[in-house]
file work-v9.csv (CSV, N, CA and C atoms)
chain,number,residue,atom,x,y,z
A,1,MET,N,61.1,75.6,-70.3
A,1,MET,CA,61.4,74.4,-69.7
A,1,MET,C,62.8,74.3,-69.2
A,2,ARG,N,63.7,75.0,-69.9
A,2,ARG,CA,65.1,75.1,-69.4
A,2,ARG,C,65.3,75.8,-68.1
A,3,ILE,N,64.5,76.8,-67.9
A,3,ILE,CA,64.5,77.6,-66.6
A,3,ILE,C,64.1,76.7,-65.5
A,4,VAL,N,63.1,75.9,-65.7
A,4,VAL,CA,62.6,75.0,-64.7
A,4,VAL,C,63.6,74.0,-64.3
A,5,LEU,N,64.3,73.4,-65.4
A,5,LEU,CA,65.4,72.4,-65.1
A,5,LEU,C,66.5,73.1,-64.4
A,6,GLU,N,66.9,74.3,-64.7
A,6,GLU,CA,68.0,75.0,-64.0
A,6,GLU,C,67.6,75.3,-62.6
A,7,LEU,N,66.4,75.6,-62.3
A,7,LEU,CA,66.0,75.8,-60.9
A,7,LEU,C,66.0,74.5,-60.1
A,8,LEU,N,65.6,73.5,-60.8
A,8,LEU,CA,65.6,72.1,-60.1
A,8,LEU,C,67.0,71.8,-59.8
A,9,ARG,N,68.0,72.1,-60.7
A,9,ARG,CA,69.4,71.7,-60.5
A,9,ARG,C,69.9,72.6,-59.4
A,10,ILE,N,69.6,73.8,-59.3
A,10,ILE,CA,70.0,74.7,-58.2
A,10,ILE,C,69.5,74.1,-56.8
A,11,ILE,N,68.3,73.8,-56.8
A,11,ILE,CA,67.7,73.2,-55.6
A,11,ILE,C,68.4,71.9,-55.2
A,12,LEU,N,68.6,71.1,-56.1
A,12,LEU,CA,69.3,69.8,-55.8
A,12,LEU,C,70.7,70.0,-55.4
A,13,VAL,N,71.5,70.9,-56.0
A,13,VAL,CA,72.9,71.2,-55.7
A,13,VAL,C,72.9,71.7,-54.3
A,14,PHE,N,72.1,72.7,-54.0
A,14,PHE,CA,72.2,73.4,-52.7
A,14,PHE,C,71.6,72.4,-51.6
A,15,GLY,N,70.6,71.7,-51.9
A,15,GLY,CA,69.9,70.9,-50.9
A,15,GLY,C,70.7,69.6,-50.7
A,16,LEU,N,71.0,68.9,-51.7
A,16,LEU,CA,71.7,67.6,-51.5
A,16,LEU,C,73.2,67.8,-51.1
A,17,LEU,N,73.9,68.6,-51.9
A,17,LEU,CA,75.3,68.8,-51.6
A,17,LEU,C,75.5,69.6,-50.3
A,18,GLY,N,74.7,70.6,-50.1
A,18,GLY,CA,74.8,71.3,-48.8
A,18,GLY,C,74.5,70.4,-47.6
A,19,GLY,N,73.5,69.6,-47.8
A,19,GLY,CA,73.1,68.6,-46.7
A,19,GLY,C,74.2,67.6,-46.4
A,20,PHE,N,74.8,67.1,-47.5
A,20,PHE,CA,75.9,66.1,-47.4
A,20,PHE,C,77.1,66.8,-46.7
A,21,LEU,N,77.5,68.0,-47.1
A,21,LEU,CA,78.6,68.7,-46.4
A,21,LEU,C,78.3,69.0,-45.0
A,22,TRP,N,77.0,69.3,-44.7
A,22,TRP,CA,76.7,69.6,-43.3
A,22,TRP,C,76.8,68.3,-42.4
A,23,VAL,N,76.4,67.2,-43.0
A,23,VAL,CA,76.5,65.9,-42.2
A,23,VAL,C,78.0,65.6,-41.9
A,24,LEU,N,78.9,66.0,-42.8
A,24,LEU,CA,80.3,65.8,-42.6
A,24,LEU,C,80.9,66.7,-41.6
A,25,VAL,N,80.4,68.0,-41.5
A,25,VAL,CA,81.0,69.0,-40.7
A,25,VAL,C,80.4,69.1,-39.3
A,26,LYS,N,79.1,68.7,-39.2
A,26,LYS,CA,78.4,68.9,-37.9
A,26,LYS,C,79.0,68.1,-36.7
A,27,ASP,N,79.6,67.0,-37.0
A,27,ASP,CA,80.2,66.2,-36.0
A,27,ASP,C,81.5,66.9,-35.4
A,28,MET,N,82.1,67.7,-36.2
A,28,MET,CA,83.3,68.4,-35.6
A,28,MET,C,82.9,69.4,-34.6
A,29,TYR,N,81.7,69.9,-34.7
A,29,TYR,CA,81.2,70.9,-33.7
A,29,TYR,C,80.6,70.3,-32.5
A,30,THR,N,80.5,69.0,-32.4
A,30,THR,CA,80.0,68.4,-31.2
A,30,THR,C,81.2,67.8,-30.3
A,31,TRP,N,82.4,68.0,-30.7
A,31,TRP,CA,83.5,67.6,-29.9
A,31,TRP,C,83.7,68.4,-28.6
A,32,ASN,N,83.4,69.7,-28.7
A,32,ASN,CA,83.6,70.6,-27.6
A,32,ASN,C,82.2,71.2,-27.3
A,33,ILE,N,81.9,71.4,-26.0
A,33,ILE,CA,80.6,72.0,-25.6
A,33,ILE,C,80.5,73.4,-26.0
A,34,VAL,N,81.7,74.1,-26.0
A,34,VAL,CA,81.7,75.6,-26.3
A,34,VAL,C,81.3,75.8,-27.7
A,35,THR,N,81.8,74.9,-28.6
A,35,THR,CA,81.6,75.2,-30.1
A,35,THR,C,80.2,74.7,-30.6
A,36,ILE,N,79.4,74.1,-29.8
A,36,ILE,CA,78.1,73.6,-30.2
A,36,ILE,C,77.2,74.8,-30.6
A,37,GLN,N,77.3,75.9,-29.9
A,37,GLN,CA,76.5,77.1,-30.2
A,37,GLN,C,76.9,77.8,-31.5
A,38,TYR,N,78.0,77.4,-32.1
A,38,TYR,CA,78.5,78.1,-33.3
A,38,TYR,C,78.3,77.2,-34.5
A,39,GLN,N,77.5,76.1,-34.4
A,39,GLN,CA,77.3,75.3,-35.6
A,39,GLN,C,76.7,76.0,-36.8
A,40,TRP,N,75.8,76.9,-36.5
A,40,TRP,CA,75.1,77.6,-37.6
A,40,TRP,C,76.1,78.4,-38.5
A,41,LEU,N,77.3,78.8,-37.9
A,41,LEU,CA,78.3,79.5,-38.7
A,41,LEU,C,78.9,78.6,-39.8
A,42,ALA,N,79.0,77.3,-39.4
A,42,ALA,CA,79.5,76.3,-40.4
A,42,ALA,C,78.5,76.1,-41.5
A,43,GLY,N,77.2,76.1,-41.2
A,43,GLY,CA,76.2,76.0,-42.2
A,43,GLY,C,76.1,77.1,-43.2
A,44,ILE,N,76.3,78.4,-42.6
A,44,ILE,CA,76.3,79.5,-43.5
A,44,ILE,C,77.6,79.5,-44.4
A,45,GLY,N,78.7,79.1,-43.8
A,45,GLY,CA,79.9,79.0,-44.6
A,45,GLY,C,79.8,78.0,-45.7
A,46,ILE,N,79.2,76.9,-45.5
A,46,ILE,CA,79.0,75.9,-46.5
A,46,ILE,C,78.1,76.5,-47.7
A,47,TYR,N,77.1,77.2,-47.4
A,47,TYR,CA,76.2,77.7,-48.4
A,47,TYR,C,76.8,78.9,-49.1
A,48,ILE,N,77.7,79.6,-48.5
A,48,ILE,CA,78.5,80.7,-49.1
A,48,ILE,C,79.4,80.1,-50.1
A,49,ILE,N,80.1,79.0,-49.7
A,49,ILE,CA,81.1,78.4,-50.7
A,49,ILE,C,80.3,77.8,-51.8
A,50,LEU,N,79.2,77.2,-51.6
A,50,LEU,CA,78.4,76.6,-52.7
A,50,LEU,C,77.9,77.7,-53.6
A,51,PHE,N,77.5,78.8,-53.1
A,51,PHE,CA,77.0,80.0,-53.9
A,51,PHE,C,78.1,80.5,-54.8
A,52,ILE,N,79.3,80.6,-54.3
A,52,ILE,CA,80.4,81.1,-55.0
A,52,ILE,C,80.8,80.1,-56.1
A,53,LEU,N,80.9,78.8,-55.8
A,53,LEU,CA,81.2,77.8,-56.8
A,53,LEU,C,80.1,77.8,-57.9
A,54,TYR,N,78.8,78.0,-57.5
A,54,TYR,CA,77.8,78.0,-58.5
A,54,TYR,C,77.9,79.2,-59.4
A,55,ARG,N,78.2,80.4,-58.9
A,55,ARG,CA,78.3,81.6,-59.7
A,55,ARG,C,79.5,81.5,-60.6
A,56,ASN,N,80.6,80.9,-60.2
A,56,ASN,CA,81.8,80.9,-61.0
A,56,ASN,C,82.0,79.7,-61.9
A,57,VAL,N,81.4,78.6,-61.6
A,57,VAL,CA,81.7,77.4,-62.3
A,57,VAL,C,80.4,76.7,-62.8
A,58,TRP,N,79.6,76.3,-61.9
A,58,TRP,CA,78.4,75.5,-62.3
A,58,TRP,C,77.4,76.2,-63.1
A,59,GLN,N,77.3,77.5,-63.0
A,59,GLN,CA,76.3,78.3,-63.7
A,59,GLN,C,76.5,78.2,-65.2
A,60,PHE,N,77.7,78.0,-65.6
A,60,PHE,CA,77.9,78.0,-67.1
A,60,PHE,C,77.9,76.6,-67.7
A,61,ARG,N,77.6,75.6,-66.9
A,61,ARG,CA,77.5,74.3,-67.4
A,61,ARG,C,76.1,73.7,-67.3
A,62,GLY,N,75.1,74.6,-67.2
A,62,GLY,CA,73.7,74.2,-67.0
A,62,GLY,C,73.0,74.2,-68.3
A,63,TRP,N,71.7,74.1,-68.2
A,63,TRP,CA,70.8,74.1,-69.4
A,63,TRP,C,70.4,75.5,-69.8
A,64,TYR,N,70.3,76.4,-68.8
A,64,TYR,CA,69.8,77.8,-69.1
A,64,TYR,C,71.0,78.6,-69.6
A,65,THR,N,70.8,79.2,-70.8
A,65,THR,CA,71.9,80.1,-71.3
A,65,THR,C,71.3,81.5,-71.4
A,66,LYS,N,72.1,82.5,-70.8
A,66,LYS,CA,71.7,83.9,-70.9
A,66,LYS,C,72.6,84.6,-71.8
A,67,PHE,N,72.2,85.8,-72.2
A,67,PHE,CA,73.0,86.7,-73.1
A,67,PHE,C,74.2,87.1,-72.3
A,68,ARG,N,74.0,87.6,-71.1
A,68,ARG,CA,75.1,88.1,-70.3
A,68,ARG,C,75.6,87.1,-69.3
A,69,ARG,N,76.9,86.9,-69.2
A,69,ARG,CA,77.4,86.0,-68.2
A,69,ARG,C,78.4,86.8,-67.4
A,70,PHE,N,78.2,86.9,-66.1
A,70,PHE,CA,79.1,87.6,-65.2
A,70,PHE,C,79.6,86.6,-64.1
A,71,PHE,N,80.9,86.8,-63.8
A,71,PHE,CA,81.5,86.1,-62.7
A,71,PHE,C,81.3,86.9,-61.4
A,72,PHE,N,81.2,86.1,-60.3
A,72,PHE,CA,81.0,86.7,-59.0
A,72,PHE,C,82.4,87.0,-58.5
A,73,ASN,N,82.9,88.2,-58.4
A,73,ASN,CA,84.3,88.5,-58.0
A,73,ASN,C,84.4,88.8,-56.6
A,74,GLY,N,83.4,88.9,-55.8
A,74,GLY,CA,83.5,89.4,-54.4
A,74,GLY,C,83.5,88.3,-53.4

call {"tool": "encode", "arguments": {"input": "work-v9.csv", "output": "structure tokens"}}
result
Amino acid sequence: MRIVLELLRIILVFGLLGGFLWVLVKDMYTWNIVTIQYQWLAGIGIYIILFILYRNVWQFRGWYTKFRRFFFNG
């Protein structure tokens, strides 16, 4: 049951927080016609930041506990 709750938390963090951050950032890419084609780079950047934050901070505050705990150093 803890694994299911942890997966639900991951989906909610990446879905809701990533979507909220995208709503904040996407308007900056519509100011200039040239930058509209590079909106997807901002989306990838948001999810990379969320992944690194999850691996370093949020992973250790969840319901699922593993024997090994590794930080993402790259």

call {"tool": "residues_around", "arguments": {"input": "work-v9.csv", "residues": "Trp58 (chain A)", "least_positions_apart": "6", "cutoff": "10 Å", "atoms": "only C-alpha atoms", "output": "PyMOL selection string"}}
result
chain A and resi 9-10+13+50-52

call {"tool": "select_by_dssp", "arguments": {"input": "work-v9.csv", "residues": "region 2-68 of chain A", "states": "helix (DSSP H, G or I)", "output": "PyMOL selection string"}}
result
chain A and resi 2-30+34-56+58-61

call {"tool": "closest_residue", "arguments": {"input": "work-v9.csv", "among": "A:Ile48, A:Ala42, A:Leu7, A:Leu12", "to": "Asp27 (chain A)", "atoms": "only C-alpha atoms"}}
result
A:Ala42

call {"tool": "atom_distance", "arguments": {"input": "work-v9.csv", "atom1": "atom C of Gly18 (chain A)", "atom2": "CA of Gly45 (chain A)"}}
result
10.6 Å

call {"tool": "atom_distance", "arguments": {"input": "work-v9.csv", "atom1": "CA of Trp22 (chain A)", "atom2": "CA of Ile36 (chain A)"}}
result
13.8 Å
